[in-house]
$ cat protein.cif   # mmCIF, C-alpha atoms
data_data
#
loop_
_atom_site.group_PDB
_atom_site.id
_atom_site.type_symbol
_atom_site.label_atom_id
_atom_site.label_comp_id
_atom_site.auth_asym_id
_atom_site.auth_seq_id
_atom_site.Cartn_x
_atom_site.Cartn_y
_atom_site.Cartn_z
ATOM 1 C CA MET A 1 18.093 19.257 10.992
ATOM 2 C CA PRO A 2 16.678 15.995 12.302
ATOM 3 C CA ASP A 3 16.425 13.040 9.951
ATOM 4 C CA ALA A 4 12.861 12.167 10.800
ATOM 5 C CA ARG A 5 9.661 13.490 12.244
ATOM 6 C CA VAL A 6 7.558 11.144 14.321
ATOM 7 C CA ASN A 7 4.041 11.601 15.536
ATOM 8 C CA VAL A 8 2.038 9.487 17.993
ATOM 9 C CA PRO A 9 -1.069 10.393 20.001
ATOM 10 C CA ASP A 10 -0.419 12.030 23.408
ATOM 11 C CA ARG A 11 -2.368 9.571 25.518
ATOM 12 C CA ILE A 12 -3.122 6.106 24.248
ATOM 13 C CA PRO A 13 -5.795 3.796 25.674
ATOM 14 C CA ARG A 14 -4.387 0.441 26.778
ATOM 15 C CA GLY A 15 -4.992 -2.503 24.475
ATOM 16 C CA LYS A 16 -6.092 -0.346 21.557
ATOM 17 C CA PRO A 17 -4.232 0.151 18.294
ATOM 18 C CA PHE A 18 -2.727 3.603 17.934
ATOM 19 C CA GLU A 19 -1.541 5.564 14.927
ATOM 20 C CA VAL A 20 2.153 6.072 14.259
ATOM 21 C CA ARG A 21 3.294 8.496 11.596
ATOM 22 C CA ILE A 22 6.865 8.953 10.509
ATOM 23 C CA LEU A 23 8.462 11.086 7.818
ATOM 24 C CA ILE A 24 12.102 10.359 7.084
ATOM 25 C CA ARG A 25 14.344 12.821 5.284
ATOM 26 C CA HIS A 26 15.952 10.773 2.523
ATOM 27 C CA PRO A 27 16.338 11.245 -1.260
ATOM 28 C CA MET A 28 15.318 7.613 -2.100
ATOM 29 C CA GLU A 29 17.592 7.949 -5.144
ATOM 30 C CA THR A 30 16.377 5.510 -7.807
ATOM 31 C CA GLY A 31 19.670 5.066 -9.645
ATOM 32 C CA TYR A 32 18.009 5.952 -12.956
ATOM 33 C CA ARG A 33 18.761 9.645 -12.866
ATOM 34 C CA LEU A 34 21.800 11.384 -14.325
ATOM 35 C CA ASP A 35 23.704 14.280 -12.835
ATOM 36 C CA GLU A 36 24.645 17.518 -14.679
ATOM 37 C CA VAL A 37 27.518 15.850 -16.548
ATOM 38 C CA GLY A 38 25.432 12.827 -17.555
ATOM 39 C CA LYS A 39 26.844 10.425 -15.011
ATOM 40 C CA PRO A 40 24.307 8.130 -13.374
ATOM 41 C CA ILE A 41 23.558 9.051 -9.773
ATOM 42 C CA PRO A 42 24.072 5.857 -7.735
ATOM 43 C CA ARG A 43 20.995 4.252 -6.283
ATOM 44 C CA ASN A 44 20.411 5.009 -2.635
ATOM 45 C CA VAL A 45 17.148 3.774 -1.201
ATOM 46 C CA ILE A 46 16.072 2.955 2.332
ATOM 47 C CA ARG A 47 15.829 -0.846 2.274
ATOM 48 C CA THR A 48 14.673 -1.724 5.726
ATOM 49 C CA PHE A 49 12.635 0.090 8.302
ATOM 50 C CA THR A 50 11.844 -1.295 11.733
ATOM 51 C CA CYS A 51 9.656 -0.011 14.522
ATOM 52 C CA ARG A 52 10.316 -1.533 17.961
ATOM 53 C CA TYR A 53 8.019 -1.155 20.895
ATOM 54 C CA ASP A 54 10.019 -1.652 24.100
ATOM 55 C CA GLY A 55 12.562 -3.656 22.151
ATOM 56 C CA GLU A 56 10.080 -5.907 20.388
ATOM 57 C CA ILE A 57 9.438 -5.469 16.656
ATOM 58 C CA ALA A 58 5.932 -4.099 16.172
ATOM 59 C CA PHE A 59 6.113 -3.210 12.483
ATOM 60 C CA SER A 60 8.712 -3.443 9.774
ATOM 61 C CA ALA A 61 8.896 -2.569 6.105
ATOM 62 C CA ARG A 62 11.076 -3.430 3.158
ATOM 63 C CA LEU A 63 11.113 -0.533 0.775
ATOM 64 C CA SER A 64 12.326 0.100 -2.766
ATOM 65 C CA SER A 65 12.765 2.936 -5.225
ATOM 66 C CA GLY A 66 8.981 2.674 -5.683
ATOM 67 C CA ILE A 67 8.560 4.661 -2.492
ATOM 68 C CA ALA A 68 8.679 8.437 -2.913
ATOM 69 C CA ALA A 69 11.564 10.572 -1.667
ATOM 70 C CA ASN A 70 11.295 11.505 1.993
ATOM 71 C CA PRO A 71 9.349 8.341 2.764
ATOM 72 C CA TYR A 72 6.244 8.727 4.831
ATOM 73 C CA LEU A 73 4.714 5.817 6.698
ATOM 74 C CA ARG A 74 1.574 5.621 8.733
ATOM 75 C CA PHE A 75 0.648 2.415 10.535
ATOM 76 C CA PHE A 76 -0.893 1.098 13.725
ATOM 77 C CA VAL A 77 0.649 -0.515 16.776
ATOM 78 C CA THR A 78 -1.220 -2.114 19.667
ATOM 79 C CA ALA A 79 -0.769 -0.205 22.956
ATOM 80 C CA ARG A 80 0.440 -2.323 25.877
ATOM 81 C CA GLU A 81 2.411 -0.274 28.416
ATOM 82 C CA SER A 82 3.928 3.174 28.438
ATOM 83 C CA GLY A 83 7.313 2.847 26.846
ATOM 84 C CA LEU A 84 9.520 3.677 23.940
ATOM 85 C CA LEU A 85 8.875 3.356 20.222
ATOM 86 C CA ALA A 86 12.221 3.125 18.472
ATOM 87 C CA PHE A 87 12.606 3.441 14.715
ATOM 88 C CA GLU A 88 15.556 2.259 12.688
ATOM 89 C CA TRP A 89 16.307 2.274 9.003
ATOM 90 C CA GLN A 90 19.158 1.457 6.692
ATOM 91 C CA ASP A 91 19.840 2.595 3.132
ATOM 92 C CA ASP A 92 21.921 1.242 0.227
ATOM 93 C CA GLY A 93 24.849 3.352 1.375
ATOM 94 C CA GLY A 94 24.812 1.396 4.618
ATOM 95 C CA VAL A 95 23.799 4.493 6.541
ATOM 96 C CA HIS A 96 21.719 3.747 9.625
ATOM 97 C CA GLY A 97 19.148 6.218 10.761
ATOM 98 C CA SER A 98 17.156 6.125 13.951
ATOM 99 C CA ASP A 99 14.640 8.027 16.002
ATOM 100 C CA SER A 100 12.438 7.295 18.947
ATOM 101 C CA VAL A 101 9.410 8.594 20.764
ATOM 102 C CA ALA A 102 7.941 7.900 24.193
ATOM 103 C CA VAL A 103 4.362 6.632 24.323
ATOM 104 C CA THR A 104 2.048 7.179 27.260
ATOM 105 C CA VAL A 105 -0.509 4.443 27.737
ATOM 106 C CA VAL A 106 -3.412 5.188 30.054
ATOM 107 C CA MET B 1 -44.938 -4.218 -37.860
ATOM 108 C CA THR B 2 -46.874 -3.255 -34.771
ATOM 109 C CA MET B 3 -46.802 -5.289 -31.578
ATOM 110 C CA PRO B 4 -49.794 -5.990 -29.464
ATOM 111 C CA ASP B 5 -49.927 -3.548 -26.591
ATOM 112 C CA SER B 6 -49.374 -6.088 -23.858
ATOM 113 C CA ARG B 7 -46.321 -7.477 -25.577
ATOM 114 C CA ARG B 8 -44.836 -4.054 -26.191
ATOM 115 C CA LEU B 9 -45.228 -3.260 -22.503
ATOM 116 C CA ARG B 10 -43.489 -6.454 -21.537
ATOM 117 C CA THR B 11 -40.605 -5.692 -23.880
ATOM 118 C CA ARG B 12 -40.342 -2.235 -22.420
ATOM 119 C CA ARG B 13 -40.274 -3.664 -18.928
ATOM 120 C CA ARG B 14 -37.578 -6.090 -19.904
ATOM 121 C CA LEU B 15 -35.589 -3.270 -21.444
ATOM 122 C CA LEU B 16 -35.857 -1.253 -18.256
ATOM 123 C CA GLN B 17 -34.785 -4.215 -16.211
ATOM 124 C CA ALA B 18 -31.804 -4.686 -18.477
ATOM 125 C CA GLY B 19 -30.971 -1.014 -18.035
ATOM 126 C CA GLY B 20 -31.157 -1.430 -14.292
ATOM 127 C CA ALA B 21 -28.797 -4.363 -14.441
ATOM 128 C CA LEU B 22 -26.389 -2.395 -16.615
ATOM 129 C CA SER B 23 -26.183 0.412 -14.108
ATOM 130 C CA ILE B 24 -24.726 -2.059 -11.563
ATOM 131 C CA VAL B 25 -22.090 -3.197 -14.029
ATOM 132 C CA PRO B 26 -19.392 -0.572 -13.207
ATOM 133 C CA TRP B 27 -19.726 -1.547 -9.557
ATOM 134 C CA LEU B 28 -19.448 -5.216 -10.426
ATOM 135 C CA ARG B 29 -16.388 -4.570 -12.537
ATOM 136 C CA VAL B 30 -14.484 -3.365 -9.471
ATOM 137 C CA GLY B 31 -14.845 -6.804 -7.919
ATOM 138 C CA ALA B 32 -14.026 -8.552 -11.161
ATOM 139 C CA ALA B 33 -10.922 -6.411 -11.746
ATOM 140 C CA ALA B 34 -9.537 -7.501 -8.395
ATOM 141 C CA ALA B 35 -9.918 -11.125 -9.429
ATOM 142 C CA ASP B 36 -7.906 -10.820 -12.599
ATOM 143 C CA LEU B 37 -4.511 -9.679 -11.482
ATOM 144 C CA PRO B 38 -2.134 -7.929 -13.863
ATOM 145 C CA ASP B 39 0.600 -10.065 -15.337
ATOM 146 C CA ILE B 40 3.619 -9.170 -13.204
ATOM 147 C CA PRO B 41 6.389 -11.815 -13.129
ATOM 148 C CA ALA B 42 7.410 -10.818 -9.599
ATOM 149 C CA LEU B 43 3.821 -11.206 -8.470
ATOM 150 C CA SER B 44 3.476 -14.629 -10.119
ATOM 151 C CA ALA B 45 6.736 -15.693 -8.474
ATOM 152 C CA PHE B 46 5.461 -14.545 -5.101
ATOM 153 C CA LEU B 47 2.075 -16.239 -5.537
ATOM 154 C CA ALA B 48 3.691 -19.456 -6.797
ATOM 155 C CA GLY B 49 0.406 -20.743 -8.163
ATOM 156 C CA ARG B 50 -1.712 -19.626 -5.233
ATOM 157 C CA THR B 51 -4.767 -17.524 -6.003
ATOM 158 C CA PRO B 52 -5.484 -14.694 -3.587
ATOM 159 C CA ARG B 53 -9.104 -13.984 -2.738
ATOM 160 C CA SER B 54 -10.190 -10.580 -3.968
ATOM 161 C CA GLU B 55 -11.763 -9.406 -0.732
ATOM 162 C CA ARG B 56 -10.962 -7.690 2.568
ATOM 163 C CA VAL B 57 -8.145 -5.606 1.062
ATOM 164 C CA ARG B 58 -8.863 -2.031 0.129
ATOM 165 C CA LEU B 59 -6.136 -0.353 -1.871
ATOM 166 C CA LEU B 60 -6.815 3.339 -2.040
ATOM 167 C CA LEU B 61 -4.997 5.354 -4.664
ATOM 168 C CA PRO B 62 -6.025 8.430 -6.622
ATOM 169 C CA GLN B 63 -7.464 7.557 -10.036
ATOM 170 C CA LEU B 64 -5.406 10.332 -11.541
ATOM 171 C CA ALA B 65 -1.982 11.338 -10.280
ATOM 172 C CA ASP B 66 -0.589 14.565 -11.696
ATOM 173 C CA ASN B 67 2.883 13.696 -10.544
ATOM 174 C CA GLY B 68 4.233 10.165 -10.292
ATOM 175 C CA GLN B 69 6.942 11.306 -7.888
ATOM 176 C CA ALA B 70 4.692 11.024 -4.863
ATOM 177 C CA VAL B 71 1.337 9.335 -5.124
ATOM 178 C CA PRO B 72 -0.509 8.909 -1.815
ATOM 179 C CA MET B 73 -1.369 5.276 -1.123
ATOM 180 C CA LYS B 74 -3.435 3.716 1.599
ATOM 181 C CA VAL B 75 -4.044 0.044 2.096
ATOM 182 C CA VAL B 76 -6.608 -1.219 4.583
ATOM 183 C CA ILE B 77 -7.348 -4.810 5.524
ATOM 184 C CA ASP B 78 -10.830 -5.223 6.908
ATOM 185 C CA GLY B 79 -11.043 -6.885 10.305
ATOM 186 C CA PRO B 80 -11.988 -8.262 12.685
ATOM 187 C CA PHE B 81 -8.991 -10.573 12.978
ATOM 188 C CA ALA B 82 -9.137 -12.060 16.480
ATOM 189 C CA PRO B 83 -9.580 -14.913 17.231
ATOM 190 C CA GLY B 84 -8.782 -15.963 13.647
ATOM 191 C CA PRO B 85 -5.571 -15.421 11.704
ATOM 192 C CA HIS B 86 -4.023 -11.963 11.745
ATOM 193 C CA VAL B 87 -2.350 -10.076 8.900
ATOM 194 C CA SER B 88 1.334 -10.937 8.776
ATOM 195 C CA ALA B 89 2.405 -8.959 5.714
ATOM 196 C CA ILE B 90 1.194 -6.726 2.912
ATOM 197 C CA HIS B 91 3.050 -6.863 -0.397
ATOM 198 C CA LEU B 92 2.803 -4.114 -3.009
ATOM 199 C CA PHE B 93 3.518 -4.841 -6.651
ATOM 200 C CA SER B 94 3.821 -2.436 -9.543
ATOM 201 C CA GLU B 95 2.891 -3.320 -13.107
ATOM 202 C CA THR B 96 5.395 -1.128 -14.963
ATOM 203 C CA ASN B 97 7.912 0.294 -12.490
ATOM 204 C CA PRO B 98 11.508 -0.837 -13.096
ATOM 205 C CA VAL B 99 11.366 -2.400 -9.633
ATOM 206 C CA PRO B 100 8.101 -4.343 -9.435
ATOM 207 C CA GLU B 101 8.343 -5.210 -5.725
ATOM 208 C CA MET B 102 7.507 -1.818 -4.331
ATOM 209 C CA ALA B 103 7.252 -2.556 -0.644
ATOM 210 C CA VAL B 104 6.498 -5.161 1.974
ATOM 211 C CA PHE B 105 4.928 -4.179 5.286
ATOM 212 C CA GLU B 106 5.261 -6.751 8.027
ATOM 213 C CA PHE B 107 3.361 -7.225 11.267
ATOM 214 C CA PRO B 108 5.073 -9.737 13.556
ATOM 215 C CA GLY B 109 2.187 -9.721 16.031
ATOM 216 C CA PRO B 110 -1.558 -9.273 15.733
ATOM 217 C CA VAL B 111 -2.808 -5.697 15.374
ATOM 218 C CA GLU B 112 -6.551 -5.097 15.342
ATOM 219 C CA ARG B 113 -6.298 -2.220 12.889
ATOM 220 C CA ILE B 114 -4.358 -2.849 9.713
ATOM 221 C CA GLU B 115 -3.947 0.339 7.790
ATOM 222 C CA VAL B 116 -0.757 1.473 6.118
ATOM 223 C CA GLU B 117 -0.221 4.729 4.332
ATOM 224 C CA SER B 118 2.730 5.846 2.281
ATOM 225 C CA ARG B 119 3.615 7.652 -0.912
ATOM 226 C CA LEU B 120 4.549 5.793 -4.047
ATOM 227 C CA ARG B 121 6.726 6.653 -6.987
ATOM 228 C CA LEU B 122 5.073 5.534 -10.211
ATOM 229 C CA ALA B 123 6.839 5.298 -13.555
ATOM 230 C CA ASN B 124 3.654 5.691 -15.570
ATOM 231 C CA THR B 125 -0.008 4.778 -15.814
ATOM 232 C CA GLN B 126 -0.383 1.331 -14.356
ATOM 233 C CA ARG B 127 -2.117 -1.024 -11.987
ATOM 234 C CA ILE B 128 -0.874 -1.582 -8.454
ATOM 235 C CA VAL B 129 -1.558 -4.843 -6.633
ATOM 236 C CA ALA B 130 -1.706 -5.250 -2.871
ATOM 237 C CA VAL B 131 -1.543 -8.782 -1.501
ATOM 238 C CA ALA B 132 -2.172 -9.405 2.175
ATOM 239 C CA ALA B 133 -0.735 -12.584 3.651
ATOM 240 C CA MET B 134 -2.495 -13.871 6.758
ATOM 241 C CA SER B 135 -0.776 -15.789 9.545
ATOM 242 C CA ASP B 136 -2.466 -19.005 8.347
ATOM 243 C CA GLY B 137 -1.207 -18.539 4.790
ATOM 244 C CA THR B 138 -4.442 -17.220 3.278
ATOM 245 C CA LEU B 139 -3.941 -14.494 0.688
ATOM 246 C CA TYR B 140 -6.203 -11.568 -0.088
ATOM 247 C CA SER B 141 -5.655 -9.041 -2.832
ATOM 248 C CA ALA B 142 -6.818 -5.811 -4.378
ATOM 249 C CA VAL B 143 -5.920 -3.960 -7.560
ATOM 250 C CA ALA B 144 -6.022 -0.237 -8.240
ATOM 251 C CA GLU B 145 -5.311 1.624 -11.444
ATOM 252 C CA VAL B 146 -3.603 4.997 -11.434
ATOM 253 C CA ILE B 147 -3.313 7.272 -14.423
ATOM 254 C CA VAL B 148 -0.024 9.128 -14.149
ATOM 255 C CA THR B 149 0.394 12.294 -16.198
ATOM 256 C CA LEU B 150 3.981 13.112 -15.191
ATOM 257 C CA ALA B 151 6.276 10.087 -14.920
ATOM 258 C CA GLY B 152 8.024 9.518 -11.626
ATOM 259 C CA CYS B 153 11.348 8.426 -13.096
ATOM 260 C CA LEU B 154 12.150 11.253 -15.478
ATOM 261 C CA ASP B 155 11.982 14.315 -13.312
ATOM 262 C CA GLY B 156 15.416 15.844 -12.893
ATOM 263 C CA THR B 157 14.745 17.619 -9.617
#

$ encode --input "protein.cif" --output "C-alpha cells"
Amino acid sequence: MPDARVNVPDRIPRGKPFEVRILIRHPMETGYRLDEVGKPIPRNVIRTFTCRYDGEIAFSARLSSGIAANPYLRFFVTARESGLLAFEWQDDGGVHGSDSVAVTVV
Amino acid sequence: MTMPDSRRLRTRRRLLQAGGALSIVPWLRVGAAAADLPDIPALSAFLAGRTPRSERVRLLLPQLADNGQAVPMKVVIDGPFAPGPHVSAIHLFSETNPVPEMAVFEFPGPVERIEVESRLRLANTQRIVAVAAMSDGTLYSAVAEVIVTLAGCLDGT
C-alpha cells in the first residue's frame, strides 16, 4: 500500500496558484499512549514535510503530535512550468517518506 | 410616576437604539477576542513582545468537535499580497495541548493564495491561535475556540 495519496488538478493555468492535497499514512504517535501491557508507546511524529516544485521548495511544514494521525495537508503552489512536485517527510524514527506527482501547466 | 408622553417616547427610542447596538455585540466580540490572545508561554516566546494585528487571518475550526482526534482546520490569509509583503509562515499554537507549537507552515516564495488545511489533534476544549508572519516581519493573528467532547489524547485506538 502506498504511503501517501496526492492530488493536483489535471491542467493548471500558468501563473495561477493551484491546489495540492496530500494524505500521508502515518500513525503520528503522540508518545502519551500506553500499549496493552502498560508500556508507553514511543513518540513517532512526522516532523518535517517539504514540497519541491522542480527542485525548489514551494511549501514546507513543521508538524507535531498536534496534527491528527494520517496527516492531511492542503495548500497552494504557484504554477510556473509543467514539471514535478516532489514531497518528502521525515518522522521521529528517522524514516523518510516521499512521493511525487507530475503537473501539467497550460 | 408618569412621564410626559414626549419624554417616554424618547426613552423608548433610546432603549431601542441600545437594543440595536447590543445585537452587534456578538459580532464585535469576534474582533475583540482576536486581539486578546490566550496566555500560551510558547506563543509569548514566539511573539517576543510583538503584538500581532488581529486582521487578515481567518482561522476556521468547528465550534464543537465530537472527537479531538481529528478536527478539521483551515487557515486563510486574505490577499492581495503583491506588490507588498507576502506570507512567509503561519504558526499554530494550542492553549492546552501538551505540545503547544502545533505546526508551522512555511512559504519560501510568494503565493497569491494562502490557504492551508489540515486536521488537528486537540487534548480538550481550548483556543487555537494562528499567527501569520509576513516577509517584512508584520504579524497577523486570529483565535478560534473549539469545544472538544472526546479528548484527543486518551483514545486507545

$ interface_residues --input "protein.cif" --of "chain A" --to "chain B" --cutoff "6 Å" --atoms "only C-alpha atoms" --output "list in words"
Phe59, Ser60, Ala61, Arg62, Leu63, Ser64, Gly66, Ile67, Ala68, Tyr72, Leu73, Arg74, Phe75 and Thr78 of chain A

$ atom_distance --input "protein.cif" --atom1 "CA of Pro38 in chain B" --atom2 "CA of Tyr140 in chain B"
14.8 Å

$ axis_aligned_box --input "protein.cif" --around "range 25-36 of chain A" --padding-each-side "6 Å" --output "lines of an AutoDock Vina configuration file"
center_x = 19.5
center_y = 11.3
center_z = -4.7
size_x = 22.3
size_y = 24.5
size_z = 32.0

$ atom_distance --input "protein.cif" --atom1 "CA of Thr96 in chain B" --atom2 "CA of Leu37 in chain B"
13.5 Å

$ residues_around --input "protein.cif" --residues "Asn44 in chain A" --least-positions-apart "4" --cutoff "7 Å" --atoms "all atoms listed in the file" --output "PDB file with C-alpha atoms, in the coordinates of the input"
ATOM      1  CA  MET A  28      15.318   7.613  -2.100  1.00  0.00           C
ATOM      2  CA  GLU A  29      17.592   7.949  -5.144  1.00  0.00           C
ATOM      3  CA  THR A  30      16.377   5.510  -7.807  1.00  0.00           C
ATOM      4  CA  ASP A  91      19.840   2.595   3.132  1.00  0.00           C
ATOM      5  CA  ASP A  92      21.921   1.242   0.227  1.00  0.00           C
ATOM      6  CA  GLY A  93      24.849   3.352   1.375  1.00  0.00           C
TER       7      GLY A  93
END

$ resolve_selection --input "protein.cif" --expression "the PyMOL selection byres ((chain A and resi 51) around 8)" --output "PyMOL selection string"
chain A and resi 49-50+52-53+57-60+85-88

$ write_last_selection --input "protein.cif" --atoms "C-alpha atoms" --output "mmCIF file, in the frame of the given file"
data_model
loop_
_atom_site.group_PDB
_atom_site.id
_atom_site.type_symbol
_atom_site.label_atom_id
_atom_site.label_comp_id
_atom_site.auth_asym_id
_atom_site.auth_seq_id
_atom_site.Cartn_x
_atom_site.Cartn_y
_atom_site.Cartn_z
ATOM 1 C CA PHE A 49 12.635 0.090 8.302
ATOM 2 C CA THR A 50 11.844 -1.295 11.733
ATOM 3 C CA ARG A 52 10.316 -1.533 17.961
ATOM 4 C CA TYR A 53 8.019 -1.155 20.895
ATOM 5 C CA ILE A 57 9.438 -5.469 16.656
ATOM 6 C CA ALA A 58 5.932 -4.099 16.172
ATOM 7 C CA PHE A 59 6.113 -3.210 12.483
ATOM 8 C CA SER A 60 8.712 -3.443 9.774
ATOM 9 C CA LEU A 85 8.875 3.356 20.222
ATOM 10 C CA ALA A 86 12.221 3.125 18.472
ATOM 11 C CA PHE A 87 12.606 3.441 14.715
ATOM 12 C CA GLU A 88 15.556 2.259 12.688
#

$ atom_distance --input "protein.cif" --atom1 "CA of Gly55 in chain A" --atom2 "CA of Arg5 in chain A"
20.0 Å

$ resolve_selection --input "protein.cif" --expression "the PyMOL selection byres ((chain B and resi 137) around 10)" --output "ChimeraX atom specification"
/B:85-88,132-136,138-140

$ resolve_selection --input "protein.cif" --expression "the PyMOL selection byres ((chain B and resi 47-63) around 7)" --output "PyMOL selection string"
chain B and resi 34-35+43-46+64-65+72-78+130+139-147

$ closest_residue --input "protein.cif" --among "A:Asp54, A:Asp3, A:Glu81, A:Asp35" --to "Gly15 in chain A" --atoms "all atoms listed in the file"
A:Glu81
